[in-house]
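Pasting work-v3.txt here (compact mmCIF, C-alpha atoms and all ligand atoms):
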# COMPACT_ATOMS: atom_id res chain seq x y z
CA MET A 1 -22.75 -11.53 16.99
CA ASP A 2 -25.59 -9.19 17.95
CA ALA A 3 -27.41 -7.42 15.19
CA ALA A 4 -28.87 -4.51 17.19
CA ALA A 5 -27.55 -1.01 16.39
CA PRO A 6 -25.45 -0.04 19.39
CA ALA A 7 -26.01 3.20 21.23
CA GLY A 8 -23.42 5.93 20.85
CA LEU A 9 -22.83 5.32 17.16
CA ARG A 10 -24.06 7.68 14.50
CA TYR A 11 -24.60 6.87 10.87
CA PRO A 12 -24.36 10.03 8.72
CA TRP A 13 -25.93 8.21 5.73
CA GLU A 14 -29.07 6.17 6.34
CA GLN A 15 -29.02 4.74 2.84
CA ALA A 16 -26.26 2.88 1.08
CA PRO A 17 -25.50 3.78 -2.53
CA GLY A 18 -27.57 1.80 -5.04
CA GLU A 19 -26.09 -0.56 -7.60
CA GLY A 20 -23.73 1.31 -9.95
CA GLU A 21 -23.94 4.45 -7.80
CA ALA A 22 -21.45 6.16 -5.51
CA THR A 23 -21.83 8.37 -2.43
CA GLU A 24 -19.13 10.98 -1.80
CA VAL A 25 -18.40 10.54 1.93
CA ALA A 26 -15.57 13.09 2.01
CA GLU A 27 -13.84 15.20 -0.60
CA GLY A 28 -12.44 12.83 -3.23
CA VAL A 29 -13.61 9.69 -1.41
CA LEU A 30 -16.41 7.63 -2.96
CA TRP A 31 -18.35 4.83 -1.25
CA MET A 32 -19.81 2.10 -3.42
CA ARG A 33 -21.30 -1.35 -2.91
CA LEU A 34 -21.14 -4.70 -4.60
CA PRO A 35 -23.60 -7.56 -4.02
CA LEU A 36 -22.72 -10.86 -2.31
CA PRO A 37 -24.81 -14.03 -2.69
CA MET A 38 -24.90 -14.70 1.08
CA LYS A 39 -26.79 -13.69 4.21
CA LEU A 40 -24.43 -10.70 4.46
CA ASP A 41 -25.46 -9.55 1.01
CA HIS A 42 -23.02 -6.76 0.20
CA VAL A 43 -19.46 -5.50 0.55
CA ASN A 44 -18.43 -1.85 0.66
CA VAL A 45 -15.67 -0.63 -1.63
CA TYR A 46 -14.16 2.84 -1.87
CA ALA A 47 -12.42 4.94 -4.53
CA LEU A 48 -9.95 7.68 -3.63
CA ASP A 49 -9.21 10.40 -6.14
CA ASP A 50 -5.49 10.66 -6.89
CA GLY A 51 -5.90 13.26 -9.63
CA ALA A 52 -4.71 11.29 -12.64
CA GLY A 53 -6.40 8.10 -11.47
CA TRP A 54 -8.14 6.29 -8.62
CA THR A 55 -6.99 4.12 -5.78
CA ILE A 56 -9.70 1.64 -4.92
CA ILE A 57 -10.07 -0.15 -1.61
CA ASP A 58 -11.32 -3.76 -1.92
CA THR A 59 -13.11 -5.24 -4.90
CA GLY A 60 -16.03 -7.64 -4.28
CA PHE A 61 -16.38 -11.25 -5.48
CA ALA A 62 -15.18 -12.18 -8.96
CA SER A 63 -18.49 -12.72 -10.75
CA LYS A 64 -19.98 -11.63 -14.03
CA ARG A 65 -22.34 -9.38 -12.13
CA SER A 66 -19.57 -7.69 -10.09
CA ARG A 67 -17.52 -7.06 -13.22
CA ALA A 68 -20.54 -5.50 -14.94
CA ILE A 69 -21.19 -3.26 -11.92
CA TRP A 70 -17.54 -2.20 -11.84
CA GLU A 71 -17.68 -1.36 -15.55
CA SER A 72 -20.69 0.89 -14.94
CA LEU A 73 -19.00 2.47 -11.89
CA LEU A 74 -15.84 3.13 -13.93
CA ALA A 75 -17.81 4.74 -16.74
CA GLY A 76 -20.21 6.57 -14.39
CA PRO A 77 -19.19 7.87 -10.95
CA LEU A 78 -15.46 7.27 -11.62
CA ALA A 79 -15.80 9.32 -14.82
CA GLY A 80 -13.62 7.14 -17.04
CA LYS A 81 -10.45 7.89 -15.06
CA PRO A 82 -8.21 4.81 -14.68
CA VAL A 83 -7.88 2.74 -11.53
CA THR A 84 -4.13 2.85 -11.00
CA ARG A 85 -3.95 1.09 -7.63
CA VAL A 86 -5.99 -1.58 -5.92
CA ILE A 87 -5.58 -1.87 -2.18
CA VAL A 88 -6.89 -5.03 -0.54
CA THR A 89 -7.42 -4.90 3.22
CA HIS A 90 -7.37 -8.68 3.78
CA HIS A 91 -7.48 -11.96 1.87
CA HIS A 92 -11.18 -12.81 2.17
CA PRO A 93 -12.75 -13.36 -1.25
CA ASP A 94 -15.32 -10.55 -1.02
CA HIS A 95 -12.38 -8.15 -0.67
CA VAL A 96 -9.66 -9.65 -2.91
CA GLY A 97 -12.04 -11.21 -5.47
CA LEU A 98 -11.42 -8.91 -8.42
CA ALA A 99 -7.91 -7.69 -7.54
CA GLY A 100 -6.33 -9.95 -10.18
CA TRP A 101 -8.84 -8.73 -12.75
CA PHE A 102 -7.90 -5.10 -12.04
CA GLN A 103 -4.23 -6.07 -12.43
CA THR A 104 -4.57 -7.98 -15.68
CA GLU A 105 -7.50 -6.18 -17.36
CA LYS A 106 -7.09 -2.64 -16.03
CA ALA A 107 -3.29 -2.46 -15.56
CA ALA A 108 -3.67 -1.51 -11.88
CA ASP A 109 -1.00 -2.18 -9.26
CA LEU A 110 -1.94 -4.31 -6.25
CA LEU A 111 -0.96 -3.35 -2.69
CA MET A 112 -1.83 -5.55 0.26
CA PRO A 113 -0.40 -7.18 3.40
CA ARG A 114 2.02 -10.00 2.63
CA THR A 115 0.20 -12.65 4.66
CA GLY A 116 -3.03 -11.72 2.89
CA TRP A 117 -1.47 -11.98 -0.55
CA LEU A 118 0.14 -15.32 0.25
CA MET A 119 -3.11 -16.67 1.75
CA ALA A 120 -5.12 -15.56 -1.29
CA ARG A 121 -2.70 -17.06 -3.78
CA MET A 122 -2.34 -20.28 -1.79
CA LEU A 123 -6.12 -20.71 -1.50
CA GLN A 124 -6.60 -20.03 -5.22
CA LEU A 125 -4.32 -22.95 -6.08
CA ASP A 126 -5.99 -25.28 -3.56
CA VAL A 127 -8.93 -26.45 -5.68
CA GLN A 128 -10.89 -29.36 -4.19
CA ASP A 129 -13.66 -31.37 -5.87
CA VAL A 130 -14.43 -33.13 -2.60
CA PRO A 131 -13.37 -32.01 0.88
CA ASN A 132 -9.88 -33.22 1.80
CA ALA A 133 -9.27 -35.53 4.74
CA GLU A 134 -7.91 -32.70 6.93
CA SER A 135 -11.11 -30.67 6.50
CA ILE A 136 -13.31 -33.66 7.38
CA ALA A 137 -11.14 -34.38 10.43
CA PHE A 138 -11.42 -30.73 11.43
CA TYR A 139 -15.23 -30.82 11.17
CA GLU A 140 -15.29 -34.01 13.25
CA SER A 141 -13.07 -32.37 15.86
CA ALA A 142 -15.52 -29.47 15.98
CA GLY A 143 -18.47 -31.81 16.56
CA MET A 144 -20.27 -30.83 13.38
CA GLU A 145 -23.86 -32.09 13.28
CA ALA A 146 -23.92 -35.57 11.72
CA GLU A 147 -26.40 -34.68 8.99
CA ILE A 148 -24.44 -31.62 7.89
CA LEU A 149 -21.16 -33.53 7.97
CA ALA A 150 -22.65 -36.32 5.81
CA GLN A 151 -23.77 -33.72 3.29
CA ARG A 152 -20.38 -31.99 3.28
CA ARG A 153 -18.56 -35.27 2.63
CA SER A 154 -20.41 -35.71 -0.64
CA GLU A 155 -20.51 -32.10 -1.92
CA ARG A 156 -17.97 -30.02 -3.81
CA PRO A 157 -16.78 -27.65 -1.05
CA PHE A 158 -16.63 -23.88 -1.30
CA ASN A 159 -13.62 -23.13 -3.46
CA PHE A 160 -11.81 -19.82 -3.11
CA ALA A 161 -10.87 -20.03 -6.81
CA ASP A 162 -14.56 -20.01 -7.79
CA VAL A 163 -15.10 -16.47 -6.51
CA THR A 164 -11.71 -14.83 -7.04
CA ALA A 165 -9.93 -13.85 -10.25
CA PRO A 166 -6.47 -15.41 -10.71
CA LEU A 167 -3.78 -13.32 -9.02
CA PRO A 168 -0.74 -12.76 -11.24
CA LEU A 169 2.71 -12.58 -9.65
CA GLY A 170 3.68 -9.16 -8.44
CA TYR A 171 2.27 -6.97 -5.68
CA THR A 172 3.53 -4.37 -3.22
CA ARG A 173 3.56 -5.24 0.45
CA LEU A 174 1.76 -3.01 2.94
CA LYS A 175 3.02 -3.25 6.49
CA GLU A 176 2.56 -1.83 9.96
CA GLY A 177 3.97 1.69 10.24
CA ASP A 178 3.85 2.50 6.51
CA VAL A 179 2.52 5.89 5.49
CA ILE A 180 0.72 5.90 2.16
CA ARG A 181 -0.59 8.84 0.15
CA MET A 182 -3.98 8.44 -1.51
CA GLY A 183 -6.98 10.68 -2.08
CA ALA A 184 -4.80 13.76 -1.31
CA ARG A 185 -4.22 12.54 2.25
CA ASP A 186 -1.44 10.75 4.10
CA TRP A 187 -2.59 7.57 5.84
CA ASP A 188 -0.95 5.55 8.60
CA VAL A 189 -1.11 1.83 7.88
CA ARG A 190 -2.03 -0.16 10.99
CA MET A 191 -2.32 -3.93 10.96
CA GLY A 192 -5.31 -5.58 12.53
CA ASN A 193 -5.57 -9.28 13.23
CA GLY A 194 -8.01 -11.98 14.34
CA HIS A 195 -10.66 -11.65 11.62
CA ALA A 196 -7.91 -12.25 9.07
CA PRO A 197 -4.18 -12.58 9.67
CA GLU A 198 -2.55 -9.19 8.89
CA HIS A 199 -5.56 -7.02 8.09
CA ALA A 200 -4.65 -3.54 6.84
CA THR A 201 -6.43 -0.44 8.12
CA PHE A 202 -5.71 3.15 7.09
CA TRP A 203 -5.89 6.18 9.37
CA SER A 204 -5.83 9.61 7.71
CA ARG A 205 -3.29 12.06 9.11
CA ASP A 206 -5.08 14.97 7.44
CA ASP A 207 -8.68 14.54 8.49
CA ASN A 208 -11.04 12.20 10.35
CA LEU A 209 -11.20 9.23 7.97
CA VAL A 210 -10.46 5.61 8.87
CA LEU A 211 -10.58 2.89 6.22
CA ALA A 212 -11.22 -0.12 8.41
CA GLY A 213 -12.06 -3.08 6.15
CA ASP A 214 -13.64 -5.81 8.30
CA GLN A 215 -11.42 -5.12 11.30
CA ILE A 216 -13.88 -2.57 12.68
CA LEU A 217 -17.53 -2.93 11.71
CA PRO A 218 -20.64 -1.27 13.16
CA SER A 219 -23.73 -3.32 14.16
CA ILE A 220 -22.22 -6.74 13.33
CA SER A 221 -19.24 -8.33 15.01
CA PRO A 222 -16.56 -9.48 12.53
CA ASN A 223 -16.34 -13.28 12.29
CA ILE A 224 -13.43 -14.74 14.25
CA GLY A 225 -12.87 -18.30 13.06
CA VAL A 226 -10.45 -21.22 13.26
CA TYR A 227 -9.98 -23.29 10.09
CA ALA A 228 -8.34 -26.57 9.09
CA THR A 229 -5.40 -24.55 7.70
CA GLU A 230 -4.26 -23.72 11.23
CA PRO A 231 -6.36 -25.74 13.72
CA GLU A 232 -4.45 -24.53 16.80
CA ALA A 233 -4.65 -20.82 15.95
CA ASP A 234 -5.98 -18.46 18.64
CA PRO A 235 -7.60 -15.67 16.60
CA VAL A 236 -9.64 -14.47 19.59
CA ALA A 237 -6.40 -13.51 21.34
CA ASP A 238 -5.15 -11.88 18.10
CA TRP A 239 -8.44 -10.03 17.77
CA LEU A 240 -8.46 -8.71 21.34
CA GLU A 241 -4.83 -7.58 21.03
CA ALA A 242 -5.62 -5.61 17.85
CA CYS A 243 -8.79 -4.11 19.34
CA GLU A 244 -6.99 -2.94 22.48
CA ARG A 245 -4.26 -1.38 20.34
CA PHE A 246 -6.72 0.36 17.98
CA ALA A 247 -8.86 1.59 20.88
CA GLY A 248 -5.95 3.87 21.76
CA PHE A 249 -6.20 5.62 18.39
CA GLY A 250 -9.98 5.98 18.10
CA ARG A 251 -11.56 9.44 18.30
CA GLY A 252 -15.22 10.33 18.60
CA ASP A 253 -15.12 12.32 15.36
CA HIS A 254 -13.50 9.57 13.28
CA LEU A 255 -15.62 8.63 10.29
CA VAL A 256 -15.12 4.89 9.97
CA LEU A 257 -15.46 3.48 6.46
CA GLY A 258 -15.74 -0.28 6.85
CA GLY A 259 -16.16 -3.29 4.62
CA HIS A 260 -19.82 -3.91 5.46
CA LYS A 261 -22.87 -1.99 6.72
CA LEU A 262 -22.83 1.83 7.06
CA PRO A 263 -20.10 4.42 7.68
CA PHE A 264 -20.25 5.59 11.28
CA THR A 265 -18.82 7.84 13.97
CA GLY A 266 -18.39 6.89 17.62
CA LEU A 267 -15.26 4.78 17.28
CA PRO A 268 -14.23 4.78 21.00
CA THR A 269 -17.67 3.35 21.89
CA ARG A 270 -17.48 0.79 19.12
CA MET A 271 -13.99 -0.41 20.10
CA ARG A 272 -15.21 -0.91 23.67
CA GLN A 273 -18.21 -2.88 22.41
CA LEU A 274 -16.15 -5.07 20.10
CA ILE A 275 -13.88 -5.97 23.01
CA GLU A 276 -16.70 -6.44 25.52
CA ASN A 277 -18.75 -8.57 23.09
CA HIS A 278 -16.02 -11.18 23.08
CA HIS A 279 -15.33 -11.01 26.82
CA GLY A 280 -19.07 -11.44 27.41
CA ALA A 281 -19.25 -14.36 24.98
CA LEU A 282 -16.24 -16.03 26.62
CA GLU A 283 -17.82 -15.69 30.07
CA ARG A 284 -21.15 -17.16 28.94
CA LEU A 285 -19.33 -19.95 27.18
CA LEU A 286 -17.23 -20.81 30.22
CA ASP A 287 -20.36 -21.03 32.40
CA PHE A 288 -21.88 -23.36 29.80
CA LEU A 289 -18.89 -25.73 30.04
CA ASP A 290 -19.96 -27.18 33.39
CA THR A 291 -20.18 -30.47 31.46
CA PRO A 292 -18.00 -31.38 28.43
CA LYS A 293 -19.19 -29.79 25.18
CA ALA A 294 -18.05 -29.72 21.58
CA ALA A 295 -18.01 -26.57 19.43
CA GLY A 296 -21.19 -27.68 17.66
CA ASP A 297 -23.02 -27.69 21.03
CA CYS A 298 -22.12 -24.12 21.96
CA PHE A 299 -24.15 -21.88 19.65
CA ALA A 300 -26.76 -20.91 22.27
CA PRO A 301 -24.44 -19.22 24.81
CA LEU A 302 -22.29 -17.68 22.07
CA PHE A 303 -24.84 -16.23 19.70
CA LYS A 304 -27.99 -15.96 21.84
CA ARG A 305 -30.08 -16.63 18.73
CA LYS A 306 -31.03 -19.45 16.37
CA ILE A 307 -28.36 -20.28 13.79
CA GLY A 308 -29.79 -21.10 10.36
CA SER A 309 -28.19 -23.52 7.91
CA GLY A 310 -26.75 -20.63 5.87
CA GLU A 311 -24.76 -19.47 8.92
CA TYR A 312 -23.84 -22.89 10.32
CA GLY A 313 -20.30 -23.00 8.89
CA LEU A 314 -19.35 -19.52 10.13
CA ALA A 315 -20.94 -20.18 13.53
CA LEU A 316 -19.00 -23.42 13.92
CA VAL A 317 -15.57 -21.91 13.17
CA GLU A 318 -16.39 -19.05 15.55
CA ALA A 319 -17.36 -21.53 18.30
CA VAL A 320 -14.09 -23.43 17.77
CA ALA A 321 -12.18 -20.15 18.06
CA HIS A 322 -13.75 -19.22 21.39
CA LEU A 323 -13.41 -22.71 22.90
CA SER A 324 -9.81 -22.96 21.76
CA HIS A 325 -9.09 -19.57 23.31
CA LEU A 326 -10.47 -20.74 26.68
CA HIS A 327 -8.41 -23.93 26.36
CA GLN A 328 -5.20 -22.10 25.45
CA ALA A 329 -5.77 -19.63 28.30
CA GLY A 330 -5.92 -22.59 30.71
CA LEU A 331 -9.57 -21.99 31.60
CA ALA A 332 -10.99 -25.09 29.89
CA SER A 333 -9.71 -28.64 29.50
CA ARG A 334 -9.96 -30.47 26.18
CA THR A 335 -10.42 -34.20 25.57
CA ARG A 336 -11.51 -36.41 22.64
CA ARG A 337 -15.02 -37.79 22.68
CA ALA A 338 -15.69 -41.26 21.20
CA ASP A 339 -16.91 -39.69 17.93
CA GLY A 340 -13.66 -37.76 17.48
CA ALA A 341 -14.94 -34.38 18.65
CA TRP A 342 -12.87 -32.26 21.02
CA VAL A 343 -14.97 -31.57 24.10
CA TYR A 344 -14.14 -28.76 26.46
CA GLN A 345 -14.89 -28.40 30.14
CA LYS A 346 -14.39 -25.57 32.59
CA VAL A 347 -11.31 -26.02 34.75
CA THR A 348 -12.22 -25.65 38.40
CA THR A 349 -9.41 -24.40 40.59
CA GLY A 350 -8.68 -23.98 44.27
CA GLU A 351 -11.60 -24.78 46.58
ZN ZN B 1 -13.41 -10.43 5.92

In structure tokens, what does this structure look like?
Amino acid sequence: MDAAAPAGLRYPWEQAPGEGEATEVAEGVLWMRLPLPMKLDHVNVYALDDGAGWTIIDTGFASKRSRAIWESLLAGPLAGKPVTRVIVTHHHPDHVGLAGWFQTEKAADLLMPRTGWLMARMLQLDVQDVPNAESIAFYESAGMEAEILAQRRSERPFNFADVTAPLPLGYTRLKEGDVIRMGARDWDVRMGNGHAPEHATFWSRDDNLVLAGDQILPSISPNIGVYATEPEADPVADWLEACERFAGFGRGDHLVLGGHKLPFTGLPTRMRQLIENHHGALERLLDFLDTPKAAGDCFAPLFKRKIGSGEYGLALVEAVAHLSHLHQAGLASRTRRADGAWVYQKVTTGE
């Protein structure tokens, strides 16, 4: 939500690796980047040296450009050694995008959380030329701006299948409490939640490394959204539960290797901030609900900045998530407005 670099965090590398390059962040652990055609213009991926081959963490979008960059990484920094395992932290397309390609073209095994694998495969098969009725109804419920809604009705929507390689059958499930060996270290698997259902993170037992995916990011707050798939989900509650749990494991010397932005230390501070950011947003939002408001009306108190058209969709699902959380916690009422939008109002008690 806020883009300012928080105090208390340190970034050992000021510069991210360039295209086709890798930065060794610890012995046998390489940090690389792939481009994304969005406001958040990159995703971090990692390779862990297993001796005979590499385990890679996350993959980038499936695009011609990403494949070409991977080919140059494989031939260059990865020194021609095979990728034997692909680990995907969560089902979002910038992370799972090329997993199927690594399986079919590079003979790698795929390991990921079950919910993530099922979500990715389900979304791949759900190709839409025009938005389906449930998505339109969901946008109406959210109070999407009329002009944007009219445009969405007529456009081919974002299709998961357009940016992800087909996933063949066959993967290995990662679950809470697993211990996995990679990069000459043993890692505890801990499941996050809220940004994506069942989001894998990896905590080294042998040194200070944490592979955090998008569950723990520095300088940007991971998007917490509600979608037409599960309109009554409460990902803010899921998120806060996971953050509170992870806060108990964070150490000041942990080097956190996340899915976006820069590796950092200062995890206890960051966990506190991630939790407080949402509590602060919920408080501002509740104050704003002195009169009934739809999700589309609530960007100002939530984000404290102007939301451009490129961010509108993500901002809207995040606003729905926070309003729905207040509603499900009994702090806000919810009624239908004449145009079909849910509007929320602060519940006043007692006095
Ligand atoms: Zn994500």

Just give me the gap between CA of Met38 (chain A) and CA of Leu282 (chain A) in Å, one decimal is fine.
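If I compute the distance from CA of Met38 (chain A) to CA of Leu282 (chain A), I get 27.0 Å.
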
Find the residues near ligand ZN 1 (chain B). Use a cut-off of 8 Å, count all atoms listed in the file, and write them as a list in words.
His90, His91, His92, Pro93, Asp94, His95, His195, Ala196, Gly213, Asp214, Gln215, Pro222, Asn223 and Gly259 of chain A

Which residue gives the smallest distance to Asp58 (chain A) among A:Glu147, A:Ser135, A:Ile87, A:Leu123, with only C-alpha atoms counted?
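Ranking A:Glu147, A:Ser135, A:Ile87, A:Leu123 by distance to Asp58 (chain A), first place goes to A:Ile87.
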
Per residue of region 144-211 of chain A within 9 Å of region 43-48 of chain A, record the nearest atom pair and its distance in Å to one decimal, counting all atoms listed in the file, with rows in chain order and ascending residue number, as a Markdown table.
| residue | atom | partner | partner_atom | distance |
| --- | --- | --- | --- | --- |
| A:Met182 | CA | A:Leu48 | CA | 6.4 |
| A:Gly183 | CA | A:Leu48 | CA | 4.5 |
| A:Ala184 | CA | A:Leu48 | CA | 8.3 |
| A:Leu211 | CA | A:Tyr46 | CA | 8.8 |

Once you count all atoms listed in the file, what closest atom pair and distance in Å to one decimal does each residue of region 244-317 of chain A within 12 Å of region 203-207 of chain A have, with rows by chain and rising residue number, as JSON lines?
{"residue": "A:Phe246", "atom": "CA", "partner": "A:Trp203", "partner_atom": "CA", "distance": 10.4}
{"residue": "A:Phe249", "atom": "CA", "partner": "A:Trp203", "partner_atom": "CA", "distance": 9.0}
{"residue": "A:Gly250", "atom": "CA", "partner": "A:Trp203", "partner_atom": "CA", "distance": 9.6}
{"residue": "A:Arg251", "atom": "CA", "partner": "A:Trp203", "partner_atom": "CA", "distance": 11.1}
{"residue": "A:Asp253", "atom": "CA", "partner": "A:Asp207", "partner_atom": "CA", "distance": 9.7}
{"residue": "A:His254", "atom": "CA", "partner": "A:Asp207", "partner_atom": "CA", "distance": 8.4}
{"residue": "A:Leu255", "atom": "CA", "partner": "A:Asp207", "partner_atom": "CA", "distance": 9.3}
{"residue": "A:Val256", "atom": "CA", "partner": "A:Trp203", "partner_atom": "CA", "distance": 9.3}
{"residue": "A:Leu257", "atom": "CA", "partner": "A:Trp203", "partner_atom": "CA", "distance": 10.4}

For the residues in the current selection, export C-alpha atoms as an mmCIF file, in the frame of the given file.
data_model
loop_
_atom_site.group_PDB
_atom_site.id
_atom_site.type_symbol
_atom_site.label_atom_id
_atom_site.label_comp_id
_atom_site.auth_asym_id
_atom_site.auth_seq_id
_atom_site.Cartn_x
_atom_site.Cartn_y
_atom_site.Cartn_z
ATOM 1 C CA PHE A 246 -6.720 0.360 17.980
ATOM 2 C CA PHE A 249 -6.200 5.620 18.390
ATOM 3 C CA GLY A 250 -9.980 5.980 18.100
ATOM 4 C CA ARG A 251 -11.560 9.440 18.300
ATOM 5 C CA ASP A 253 -15.120 12.320 15.360
ATOM 6 C CA HIS A 254 -13.500 9.570 13.280
ATOM 7 C CA LEU A 255 -15.620 8.630 10.290
ATOM 8 C CA VAL A 256 -15.120 4.890 9.970
ATOM 9 C CA LEU A 257 -15.460 3.480 6.460
#

Minimum-distance residue to His279 (chain A), chosen among A:Met144, A:Trp239, A:Pro35, A:Ala108 (using only C-alpha atoms)
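Looking at the shortest contact to His279 (chain A), the residue is A:Trp239.
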
Selection: 9 Å around region 270-276 of chain A, only C-alpha atoms, excl. self and same-chain fewer than 4 positions, as a ChimeraX atom specification:
/A:6,8-9,216-219,221-222,239-240,243-244,246-247,250,265-266,280-281

Would you write out those residues with C-alpha atoms, as an mmCIF file, in the coordinates of the input?
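The new file part.cif reads:
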data_model
loop_
_atom_site.group_PDB
_atom_site.id
_atom_site.type_symbol
_atom_site.label_atom_id
_atom_site.label_comp_id
_atom_site.auth_asym_id
_atom_site.auth_seq_id
_atom_site.Cartn_x
_atom_site.Cartn_y
_atom_site.Cartn_z
ATOM 1 C CA PRO A 6 -25.450 -0.040 19.390
ATOM 2 C CA GLY A 8 -23.420 5.930 20.850
ATOM 3 C CA LEU A 9 -22.830 5.320 17.160
ATOM 4 C CA ILE A 216 -13.880 -2.570 12.680
ATOM 5 C CA LEU A 217 -17.530 -2.930 11.710
ATOM 6 C CA PRO A 218 -20.640 -1.270 13.160
ATOM 7 C CA SER A 219 -23.730 -3.320 14.160
ATOM 8 C CA SER A 221 -19.240 -8.330 15.010
ATOM 9 C CA PRO A 222 -16.560 -9.480 12.530
ATOM 10 C CA TRP A 239 -8.440 -10.030 17.770
ATOM 11 C CA LEU A 240 -8.460 -8.710 21.340
ATOM 12 C CA CYS A 243 -8.790 -4.110 19.340
ATOM 13 C CA GLU A 244 -6.990 -2.940 22.480
ATOM 14 C CA PHE A 246 -6.720 0.360 17.980
ATOM 15 C CA ALA A 247 -8.860 1.590 20.880
ATOM 16 C CA GLY A 250 -9.980 5.980 18.100
ATOM 17 C CA THR A 265 -18.820 7.840 13.970
ATOM 18 C CA GLY A 266 -18.390 6.890 17.620
ATOM 19 C CA GLY A 280 -19.070 -11.440 27.410
ATOM 20 C CA ALA A 281 -19.250 -14.360 24.980
#

Taking into account only C-alpha atoms, which residue in the set A:Gly100, A:Pro12, A:Gly143, A:Pro82 is nearest to Asp297 (chain A)?
A:Gly143

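Counting only C-alpha atoms and comparing A:Arg173, A:Pro37, A:Pro263, A:Gln103, the residue that lies closest to Thr23 (chain A) is A:Pro263.
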
Closest-contact table, region 198-269 of chain A side, partner region 310-334 of chain A, 6 Å, counting only C-alpha atoms, as CSV:
residue,atom,partner,partner_atom,distance
A:Ile224,CA,A:Glu318,CA,5.4
A:Gly225,CA,A:Glu318,CA,4.4
A:Val226,CA,A:Val317,CA,5.2
A:Asp234,CA,A:His325,CA,5.7

Please determine, counting only C-alpha atoms, which residue among A:Glu134, A:Asp109, A:Asp49, A:Asp126 has the shortest atom-to-atom distance to Ala26 (chain A).
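The answer is A:Asp49, which sits nearest to Ala26 (chain A).
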
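Residue nearest Gly76 (chain A) within the list A:Gly20, A:Gly60, A:Pro301, A:Gly258: A:Gly20 [criterion: smallest interatomic distance, only C-alpha atoms].
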
Between CA of Asp290 (chain A) and CA of Val343 (chain A), distance in Å (one decimal)
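Separation of CA of Asp290 (chain A) and CA of Val343 (chain A): 11.4 Å.
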
Two-atom distance - CA of Arg336 (chain A), CA of Pro197 (chain A) (Å)
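Going from CA of Arg336 (chain A) over to CA of Pro197 (chain A), I get 28.1 Å.
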
Neighbouring residues of Val179 (chain A) were defined as those with any atom within 7 Å, considering only C-alpha atoms; residues of the same chain fewer than 5 positions away were excluded. Please report them as a list in words.
Asp186, Trp187, Asp188 and Val189 of chain A

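Shown here are all protein and nucleic acid residues lying within 10 Å of (-19.7, -28.9, 27.0), with only C-alpha atoms considered: Leu285, Leu286, Asp287, Phe288, Leu289, Asp290, Thr291, Pro292, Lys293, Ala294, Ala295, Gly296, Asp297, Cys298, Leu323, Ala332, Arg334, Trp342, Val343, Tyr344, Gln345 and Lys346 of chain A.
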
What lies within 9 Å of Glu241 (chain A) using only C-alpha atoms, ignoring chain neighbours under 6 positions off, as a list in words?
Gly192, Asn193 and Gly194 of chain A

Please produce an output containing C-alpha atoms for each residue in the selection, written as a PDB file, in the coordinates of the input.
ATOM      1  CA  GLY A 192      -5.310  -5.580  12.530  1.00  0.00           C
ATOM      2  CA  ASN A 193      -5.570  -9.280  13.230  1.00  0.00           C
ATOM      3  CA  GLY A 194      -8.010 -11.980  14.340  1.00  0.00           C
TER       4      GLY A 194
END

How big is the axis-aligned box around all listed atoms of region 67-73 of chain A once 8 Å goes on each side, and where's its centre, in Å to one decimal, as JSON?
{"center_x": -19.4, "center_y": -2.3, "center_z": -13.7, "size_x": 19.7, "size_y": 25.5, "size_z": 19.7}
